[in-house]
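Take a look at the structure set out below.
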Amino acid sequence: MVGLSHAAVRASLGSFLPPGRRTLWPSEMLNSRRVPAQKENQNPELCFKDIGLGIGPQLLGNEEGPIRESIQHLESFGCIAIDINMGCPVSKALKHNYGVALMGDPQYAQQVTRYAVQSAKVPVSVKLRAGFDKDQENLLPFIEGVFNAGASWVTLHPRTAEQKRRGNANWNLILKAVDQIKRPIIGNGDVQCLEDIERMLNETRCSRVMIGRALLMKPWLLNYDGLGSQEPPPEDQSAIVHRHLIQIIQNCFAWYETAAAFRKLKFFIVYAKPWIEFGEVLHGEFQRSQSQDEMIDRVNRFFLTPKRIWQRTELRA
Ligand SMILES: Cc1cc2nc3c(=O)[nH]c(=O)nc-3n(C[C@H](O)[C@H](O)[C@H](O)COP(=O)(O)O)c2cc1C
């Protein structure tokens with residue numbers, strides 16, 4: 001997720017993974033026209049201090065040369081998979097014919113997938129939406145097309161481009177894709193707690209679940225094991241979130257330039273705050289901080305009284 005799935009956040013979340021467990025970590029969406037000229041660790045987006053976790057960066061692009069060069073560059077850093085973005089709905093993506101715009105041109109989307117697959121030594125996946133607009137008839141043939149072009153799996157966020165992140169994700173579309181295509185489909189959208197992971201797996205029979213926003217605030221979602229994993233007790237949840245936030249702050253200031261660290265942290269809290277009691281107050285503490293020490297001090301004071309973490313919220317950004 002742009003602005004959110006960077007090394008400082010991944011590394012903190014990764015520190016909560018139960019021993020011996022692995023998951024695949026994304027990056028922020030990386031522009032294939034820019035990646036080839038960028039050095040590792042040059043900016044937060046290309047920071048791979050956490051490469052040992054197993055990173056599958058996401059590329060935005062539609063041209064063979066930049067895609068090939070970006071993939072070779074990312075593989076040289078040790079990335080273990082590459083994802084192609086076919087879901088970004090912002091107007092810039094539509095104008096430049098990448099992101100969800102590719103869903104309006106299935107042949108070209110297959111070509112883009114082929115460019116990536118031919119360039120990569122690692123598996124290539126595609127992340128997409130329910131469709132470009134209300135007409136979802138083309139979704140299943142579209143997914144089949146990218147599999148035929150060599151994608152190893154597809155992650156489906158079942159909202160249309162028009163919906164952006166409004167309304168509910170239509171998990172029925174994940175079920176349809178799983179049933180008809182019989183290839184690995186990762187389900188995504190509105191998973192907020194362990195029970196939601198279980199429900200998505202049962203209702204859609206998808207191969208895996210991808211969690212976006214809720215994971216920002218709930219490291220224990222990584223504990224899901226399909227064997228009846230429980231949410232931690234409320235008093236532990238507050239302590240876990242506290243530790244997680246301090247780790248993210250420390251990672252940001254250790255790995256990024258100061259201005260970038262502030263930018264990332266102030267953006268992070270906007271998307272993480274809906275799940276915590278008094279999230280607005282915590283948001284204010286982040287925005288007002290002028291230094292790392294001040295931010296840590298404000299966060300420590302916020303957690304002097306344990307806070308409740310909401311199982312689900314409608315208020316997510
Ligand atoms: C701020 C923000 C940035 C996002 N950026 C990306 C992105 O770069 N690539 C992508 O595939 N999805 C992106 N997404 C969408 C998420 O990956 C995910 O599909 C969506 O939030 C639904 O899942 P969730 O309900 O678990 O968050 C972004 C979402 C947010 C909130």
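Starting from 1 in every chain, residues are counted up; chains themselves are A, B, ... following the order of the structure tokens, and ligands are numbered from 1 as listed.
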
At most 8 Å from ligand 1 (only C-alpha atoms and all ligand atoms): residue list as a PyMOL selection string | chain A and resi 1-4+27-30+58+85-88+127-129+156-157+165+169+188-192+210-215+271+317

If you keep N, CA and C atoms, can you produce a file of those selected residues as an mmCIF file, in the first residue's frame?
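Printed below is again-v2.cif as written:
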data_model
loop_
_atom_site.group_PDB
_atom_site.id
_atom_site.type_symbol
_atom_site.label_atom_id
_atom_site.label_comp_id
_atom_site.auth_asym_id
_atom_site.auth_seq_id
_atom_site.Cartn_x
_atom_site.Cartn_y
_atom_site.Cartn_z
ATOM 1 N N MET A 1 0.841 -1.179 0.000
ATOM 2 C CA MET A 1 0.000 0.000 0.000
ATOM 3 C C MET A 1 0.888 1.245 0.000
ATOM 4 N N VAL A 2 0.581 2.130 -0.936
ATOM 5 C CA VAL A 2 1.375 3.349 -1.050
ATOM 6 C C VAL A 2 1.448 4.059 0.302
ATOM 7 N N GLY A 3 2.642 4.434 0.707
ATOM 8 C CA GLY A 3 2.850 5.184 1.945
ATOM 9 C C GLY A 3 2.812 4.332 3.202
ATOM 10 N N LEU A 4 2.429 3.057 3.070
ATOM 11 C CA LEU A 4 2.183 2.240 4.270
ATOM 12 C C LEU A 4 3.014 0.954 4.329
ATOM 13 N N SER A 27 5.538 -4.517 -1.116
ATOM 14 C CA SER A 27 6.160 -3.205 -0.945
ATOM 15 C C SER A 27 5.080 -2.166 -1.238
ATOM 16 N N GLU A 28 5.469 -0.915 -1.179
ATOM 17 C CA GLU A 28 4.599 0.089 -1.760
ATOM 18 C C GLU A 28 4.607 -0.139 -3.278
ATOM 19 N N MET A 29 3.627 0.415 -3.953
ATOM 20 C CA MET A 29 3.592 0.315 -5.415
ATOM 21 C C MET A 29 4.794 1.101 -5.970
ATOM 22 N N LEU A 30 5.621 0.439 -6.774
ATOM 23 C CA LEU A 30 6.853 1.070 -7.272
ATOM 24 C C LEU A 30 6.712 1.352 -8.765
ATOM 25 N N GLN A 58 5.732 -4.702 -5.413
ATOM 26 C CA GLN A 58 4.706 -4.498 -6.436
ATOM 27 C C GLN A 58 5.150 -3.418 -7.425
ATOM 28 N N ASN A 85 0.763 -4.418 -10.526
ATOM 29 C CA ASN A 85 -0.454 -3.727 -10.097
ATOM 30 C C ASN A 85 -1.414 -3.526 -11.268
ATOM 31 N N MET A 86 -2.606 -4.121 -11.144
ATOM 32 C CA MET A 86 -3.670 -3.858 -12.119
ATOM 33 C C MET A 86 -4.928 -3.422 -11.374
ATOM 34 N N GLY A 87 -4.703 -2.708 -10.257
ATOM 35 C CA GLY A 87 -5.852 -2.311 -9.448
ATOM 36 C C GLY A 87 -5.865 -0.852 -9.050
ATOM 37 N N CYS A 88 -4.750 -0.154 -9.265
ATOM 38 C CA CYS A 88 -4.686 1.235 -8.784
ATOM 39 C C CYS A 88 -5.665 2.108 -9.577
ATOM 40 N N LYS A 127 -2.153 -8.243 -9.035
ATOM 41 C CA LYS A 127 -3.194 -7.813 -8.094
ATOM 42 C C LYS A 127 -4.202 -6.977 -8.855
ATOM 43 N N LEU A 128 -5.460 -7.357 -8.724
ATOM 44 C CA LEU A 128 -6.471 -6.638 -9.485
ATOM 45 C C LEU A 128 -7.743 -6.405 -8.686
ATOM 46 N N ARG A 129 -8.631 -5.672 -9.308
ATOM 47 C CA ARG A 129 -9.935 -5.331 -8.711
ATOM 48 C C ARG A 129 -11.044 -6.107 -9.387
ATOM 49 N N LEU A 156 -7.153 -10.840 -5.587
ATOM 50 C CA LEU A 156 -8.365 -10.138 -6.012
ATOM 51 C C LEU A 156 -8.929 -9.284 -4.876
ATOM 52 N N HIS A 157 -8.964 -7.981 -5.128
ATOM 53 C CA HIS A 157 -9.641 -7.030 -4.223
ATOM 54 C C HIS A 157 -10.972 -6.707 -4.900
ATOM 55 N N ARG A 165 -12.350 2.587 -2.374
ATOM 56 C CA ARG A 165 -12.431 1.720 -1.182
ATOM 57 C C ARG A 165 -13.775 1.850 -0.472
ATOM 58 N N ALA A 169 -16.370 -4.989 0.105
ATOM 59 C CA ALA A 169 -15.730 -5.834 -0.903
ATOM 60 C C ALA A 169 -16.664 -7.020 -1.167
ATOM 61 N N ASN A 188 -8.795 -10.671 -0.852
ATOM 62 C CA ASN A 188 -8.432 -9.428 -0.159
ATOM 63 C C ASN A 188 -9.676 -8.548 -0.038
ATOM 64 N N GLY A 189 -9.715 -7.769 1.044
ATOM 65 C CA GLY A 189 -10.780 -6.779 1.190
ATOM 66 C C GLY A 189 -11.610 -6.960 2.438
ATOM 67 N N ASP A 190 -11.496 -5.992 3.367
ATOM 68 C CA ASP A 190 -12.331 -5.923 4.568
ATOM 69 C C ASP A 190 -12.039 -7.011 5.600
ATOM 70 N N VAL A 191 -10.883 -7.602 5.579
ATOM 71 C CA VAL A 191 -10.522 -8.552 6.639
ATOM 72 C C VAL A 191 -9.949 -7.742 7.800
ATOM 73 N N GLN A 192 -10.632 -7.829 8.963
ATOM 74 C CA GLN A 192 -10.239 -6.965 10.082
ATOM 75 C C GLN A 192 -9.859 -7.721 11.341
ATOM 76 N N MET A 210 -4.981 -11.863 1.885
ATOM 77 C CA MET A 210 -4.113 -10.689 2.012
ATOM 78 C C MET A 210 -4.840 -9.656 2.868
ATOM 79 N N ILE A 211 -4.148 -9.146 3.884
ATOM 80 C CA ILE A 211 -4.759 -8.123 4.748
ATOM 81 C C ILE A 211 -4.038 -6.806 4.505
ATOM 82 N N GLY A 212 -4.806 -5.755 4.272
ATOM 83 C CA GLY A 212 -4.220 -4.438 4.054
ATOM 84 C C GLY A 212 -4.268 -3.610 5.322
ATOM 85 N N ARG A 213 -5.317 -2.800 5.444
ATOM 86 C CA ARG A 213 -5.323 -1.753 6.473
ATOM 87 C C ARG A 213 -5.325 -2.268 7.902
ATOM 88 N N ALA A 214 -6.133 -3.296 8.199
ATOM 89 C CA ALA A 214 -6.255 -3.708 9.610
ATOM 90 C C ALA A 214 -4.935 -4.240 10.169
ATOM 91 N N LEU A 215 -4.120 -4.825 9.306
ATOM 92 C CA LEU A 215 -2.847 -5.368 9.797
ATOM 93 C C LEU A 215 -1.935 -4.257 10.320
ATOM 94 N N TYR A 271 -4.217 5.925 8.724
ATOM 95 C CA TYR A 271 -4.858 4.669 8.304
ATOM 96 C C TYR A 271 -4.947 3.654 9.440
ATOM 97 N N ALA A 317 -10.259 4.316 6.798
ATOM 98 C CA ALA A 317 -10.064 5.285 5.706
ATOM 99 C C ALA A 317 -9.860 4.565 4.386
#

What are the closest atom pairs, with distances in Å to one decimal, for each residue of region 163-225 of chain A lying within 12 Å of region 110-125 of chain A, using only C-alpha atoms, rows by chain and rising residue number, as JSON lines?
{"residue": "A:Arg183", "atom": "CA", "partner": "A:Ser125", "partner_atom": "CA", "distance": 11.8}
{"residue": "A:Pro184", "atom": "CA", "partner": "A:Ser125", "partner_atom": "CA", "distance": 10.0}
{"residue": "A:Ile185", "atom": "CA", "partner": "A:Ser125", "partner_atom": "CA", "distance": 9.9}
{"residue": "A:Ile186", "atom": "CA", "partner": "A:Ser125", "partner_atom": "CA", "distance": 10.1}

CA of Pro89 (chain A) to CA of Ala109 (chain A), distance in Å rounded to a single decimal |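 Computing the Euclidean distance for CA of Pro89 (chain A) and CA of Ala109 (chain A) yields 15.2 Å.
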
Within 8 Å of region 53-57 of chain A, counting only C-alpha atoms, which residues show up once you throw out same-chain ones fewer than 2 positions away? Write them as a PyMOL selection string, please.
-> chain A and resi 11+14+22-30+50-51+59+74+79-83

Please dump the current selection as a PDB file, in the first residue's frame; keep C-alpha atoms.
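Output contents, as saved in out08.pdb:
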ATOM      1  CA  ALA A  11       9.878  -5.107   9.996  1.00  0.00           C
ATOM      2  CA  GLY A  14       7.473  -9.261  11.064  1.00  0.00           C
ATOM      3  CA  ARG A  22       6.513 -17.144   6.975  1.00  0.00           C
ATOM      4  CA  THR A  23       4.330 -14.810   4.983  1.00  0.00           C
ATOM      5  CA  LEU A  24       4.928 -12.862   1.780  1.00  0.00           C
ATOM      6  CA  TRP A  25       5.383  -9.137   2.307  1.00  0.00           C
ATOM      7  CA  PRO A  26       4.523  -6.550  -0.354  1.00  0.00           C
ATOM      8  CA  SER A  27       6.160  -3.205  -0.945  1.00  0.00           C
ATOM      9  CA  GLU A  28       4.599   0.089  -1.760  1.00  0.00           C
ATOM     10  CA  MET A  29       3.592   0.315  -5.415  1.00  0.00           C
ATOM     11  CA  LEU A  30       6.853   1.070  -7.272  1.00  0.00           C
ATOM     12  CA  ASP A  50      13.926  -6.307   6.171  1.00  0.00           C
ATOM     13  CA  ILE A  51      14.669  -8.357   3.050  1.00  0.00           C
ATOM     14  CA  LEU A  59       5.411  -2.799  -9.765  1.00  0.00           C
ATOM     15  CA  LEU A  74      14.605  -5.825  -7.464  1.00  0.00           C
ATOM     16  CA  CYS A  79      13.206 -10.029  -3.558  1.00  0.00           C
ATOM     17  CA  ILE A  80      11.459 -13.389  -3.853  1.00  0.00           C
ATOM     18  CA  ALA A  81       8.398 -12.534  -5.986  1.00  0.00           C
ATOM     19  CA  ILE A  82       7.090  -9.681  -8.139  1.00  0.00           C
ATOM     20  CA  ASP A  83       3.540  -8.400  -8.233  1.00  0.00           C
TER      21      ASP A  83
END

Quick one: pull the distance between CA of Ala260 (chain A) and CA of Val100 (chain A), Å, one decimal.
-> 27.9 Å

Would you list, as a ChimeraX atom specification, the residues of region 89-285 of chain A that end up in strand (DSSP E or B) under DSSP run on this structure's backbone?
-> /A:124-131,153-160,185-188,208-210,276

List the neighbours of Ile269 (chain A) out to 12 Å using only C-alpha atoms; skip same-chain residues closer than 5 positions along the sequence, and give me the result as a ChimeraX atom specification.
-> /A:3-4,9,213-214,216-217,245,248-249,262-264,274-276,279-287,299,316-317

Which residue gives the smallest distance to Arg159 (chain A) among A:Ala261, A:Ala130, A:Ile143, A:Ile309, with only C-alpha atoms counted?
->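 Between A:Ala261, A:Ala130, A:Ile143, A:Ile309, the residue approaching Arg159 (chain A) most closely is A:Ala130.
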
For region 225-241 of chain A: contacts at 10 Å, only C-alpha atoms, fewer than 3 positions along chain excluded, given as a PyMOL selection string | chain A and resi 16+18+21+193-195+197-198+201+216-222+244-247+276-277+303-311

How about saving the chosen residues, C-alpha atoms kept, as a JSON list (two decimals), in the first residue's frame?
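As written to disk, result29.json reads:
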[["chain", "number", "residue", "atom", "x", "y", "z"],
["A", 16, "PHE", "CA", 5.46, -10.52, 15.77],
["A", 18, "PRO", "CA", 5.29, -16.72, 15.41],
["A", 21, "ARG", "CA", 6.10, -18.99, 10.27],
["A", 193, "CYS", "CA", -9.89, -9.76, 12.64],
["A", 194, "LEU", "CA", -8.97, -13.45, 12.95],
["A", 195, "GLU", "CA", -12.62, -14.42, 12.53],
["A", 197, "ILE", "CA", -9.69, -14.53, 7.94],
["A", 198, "GLU", "CA", -11.47, -17.77, 8.81],
["A", 201, "LEU", "CA", -11.21, -18.79, 3.69],
["A", 216, "LEU", "CA", -1.31, -1.92, 10.29],
["A", 217, "MET", "CA", -2.66, -1.90, 13.84],
["A", 218, "LYS", "CA", -3.07, -5.62, 14.60],
["A", 219, "PRO", "CA", 0.15, -7.64, 14.40],
["A", 220, "TRP", "CA", -1.63, -10.66, 15.93],
["A", 221, "LEU", "CA", -3.51, -11.23, 12.67],
["A", 222, "LEU", "CA", -0.25, -12.91, 11.62],
["A", 244, "HIS", "CA", 4.47, -2.08, 17.57],
["A", 245, "LEU", "CA", 4.09, 1.71, 17.27],
["A", 246, "ILE", "CA", 7.35, 2.36, 19.14],
["A", 247, "GLN", "CA", 9.17, -0.09, 16.86],
["A", 276, "ILE", "CA", -7.86, 2.06, 18.49],
["A", 277, "GLU", "CA", -9.87, 3.74, 21.22],
["A", 303, "PHE", "CA", -0.60, 4.14, 26.53],
["A", 304, "LEU", "CA", -0.24, 4.85, 30.29],
["A", 305, "THR", "CA", -3.92, 3.88, 30.35],
["A", 306, "PRO", "CA", -4.43, 0.73, 28.24],
["A", 307, "LYS", "CA", -6.58, 1.33, 25.18],
["A", 308, "ARG", "CA", -9.18, -0.93, 23.61],
["A", 309, "ILE", "CA", -8.63, -2.20, 20.08],
["A", 310, "TRP", "CA", -11.79, -2.54, 18.01],
["A", 311, "GLN", "CA", -12.51, -5.91, 16.44]]

How many Å separate CA of Cys252 (chain A) from CA of Leu265 (chain A)?
->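 Atom-to-atom, CA of Cys252 (chain A) and CA of Leu265 (chain A) are spaced 7.6 Å apart.
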
Got a sec: who's within 10 Å of region 179-181 of chain A, counting only C-alpha atoms, leaving out chain neighbours fewer than 5 positions off, as a PDB file with C-alpha atoms, in the first residue's frame?
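Contents of part_14.pdb, as written:
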ATOM      1  CA  LEU A 140     -13.134 -14.168 -14.947  1.00  0.00           C
ATOM      2  CA  PRO A 141     -11.838 -14.165 -18.553  1.00  0.00           C
ATOM      3  CA  ILE A 143      -8.080 -13.461 -14.639  1.00  0.00           C
ATOM      4  CA  GLU A 144      -7.791 -16.530 -16.895  1.00  0.00           C
ATOM      5  CA  PHE A 147      -2.813 -16.912 -15.681  1.00  0.00           C
ATOM      6  CA  LEU A 173     -16.517 -12.624  -6.787  1.00  0.00           C
ATOM      7  CA  ILE A 174     -13.572 -14.315  -5.064  1.00  0.00           C
ATOM      8  CA  THR A 204     -14.541 -18.171  -0.794  1.00  0.00           C
ATOM      9  CA  ARG A 205     -12.151 -21.155  -0.522  1.00  0.00           C
ATOM     10  CA  CYS A 206      -9.367 -18.806  -1.629  1.00  0.00           C
TER      11      CYS A 206
END

Of the candidates A:Asn138, A:Leu175, A:Tyr256, A:His242, which shows the shortest atom-to-atom distance to Arg301 (chain A), using only C-alpha atoms?
-> A:His242

Long-range neighbours of Val90 (chain A) as a list of chain:residue names, 9 Å cut-off, only C-alpha atoms, 2 positions minimum in chain = A:Cys88, A:Lys92, A:Ala93, A:Leu94, A:Lys95, A:Gly99, A:Val100, A:Ala161, A:Lys164

Write a file of the selected residues as a short mmCIF file (atom, residue, chain, number, x, y, z; two decimals), in the first residue's frame, keeping C-alpha atoms.
data_model
loop_
_atom_site.label_atom_id
_atom_site.label_comp_id
_atom_site.auth_asym_id
_atom_site.auth_seq_id
_atom_site.Cartn_x
_atom_site.Cartn_y
_atom_site.Cartn_z
CA CYS A 88 -4.69 1.23 -8.78
CA LYS A 92 -2.84 9.31 -13.02
CA ALA A 93 -2.92 5.53 -13.50
CA LEU A 94 -5.92 5.82 -15.82
CA LYS A 95 -4.23 8.56 -17.82
CA GLY A 99 -2.92 0.11 -12.71
CA VAL A 100 -6.63 -0.66 -13.15
CA ALA A 161 -12.32 1.02 -9.78
CA LYS A 164 -12.29 2.91 -4.85
#
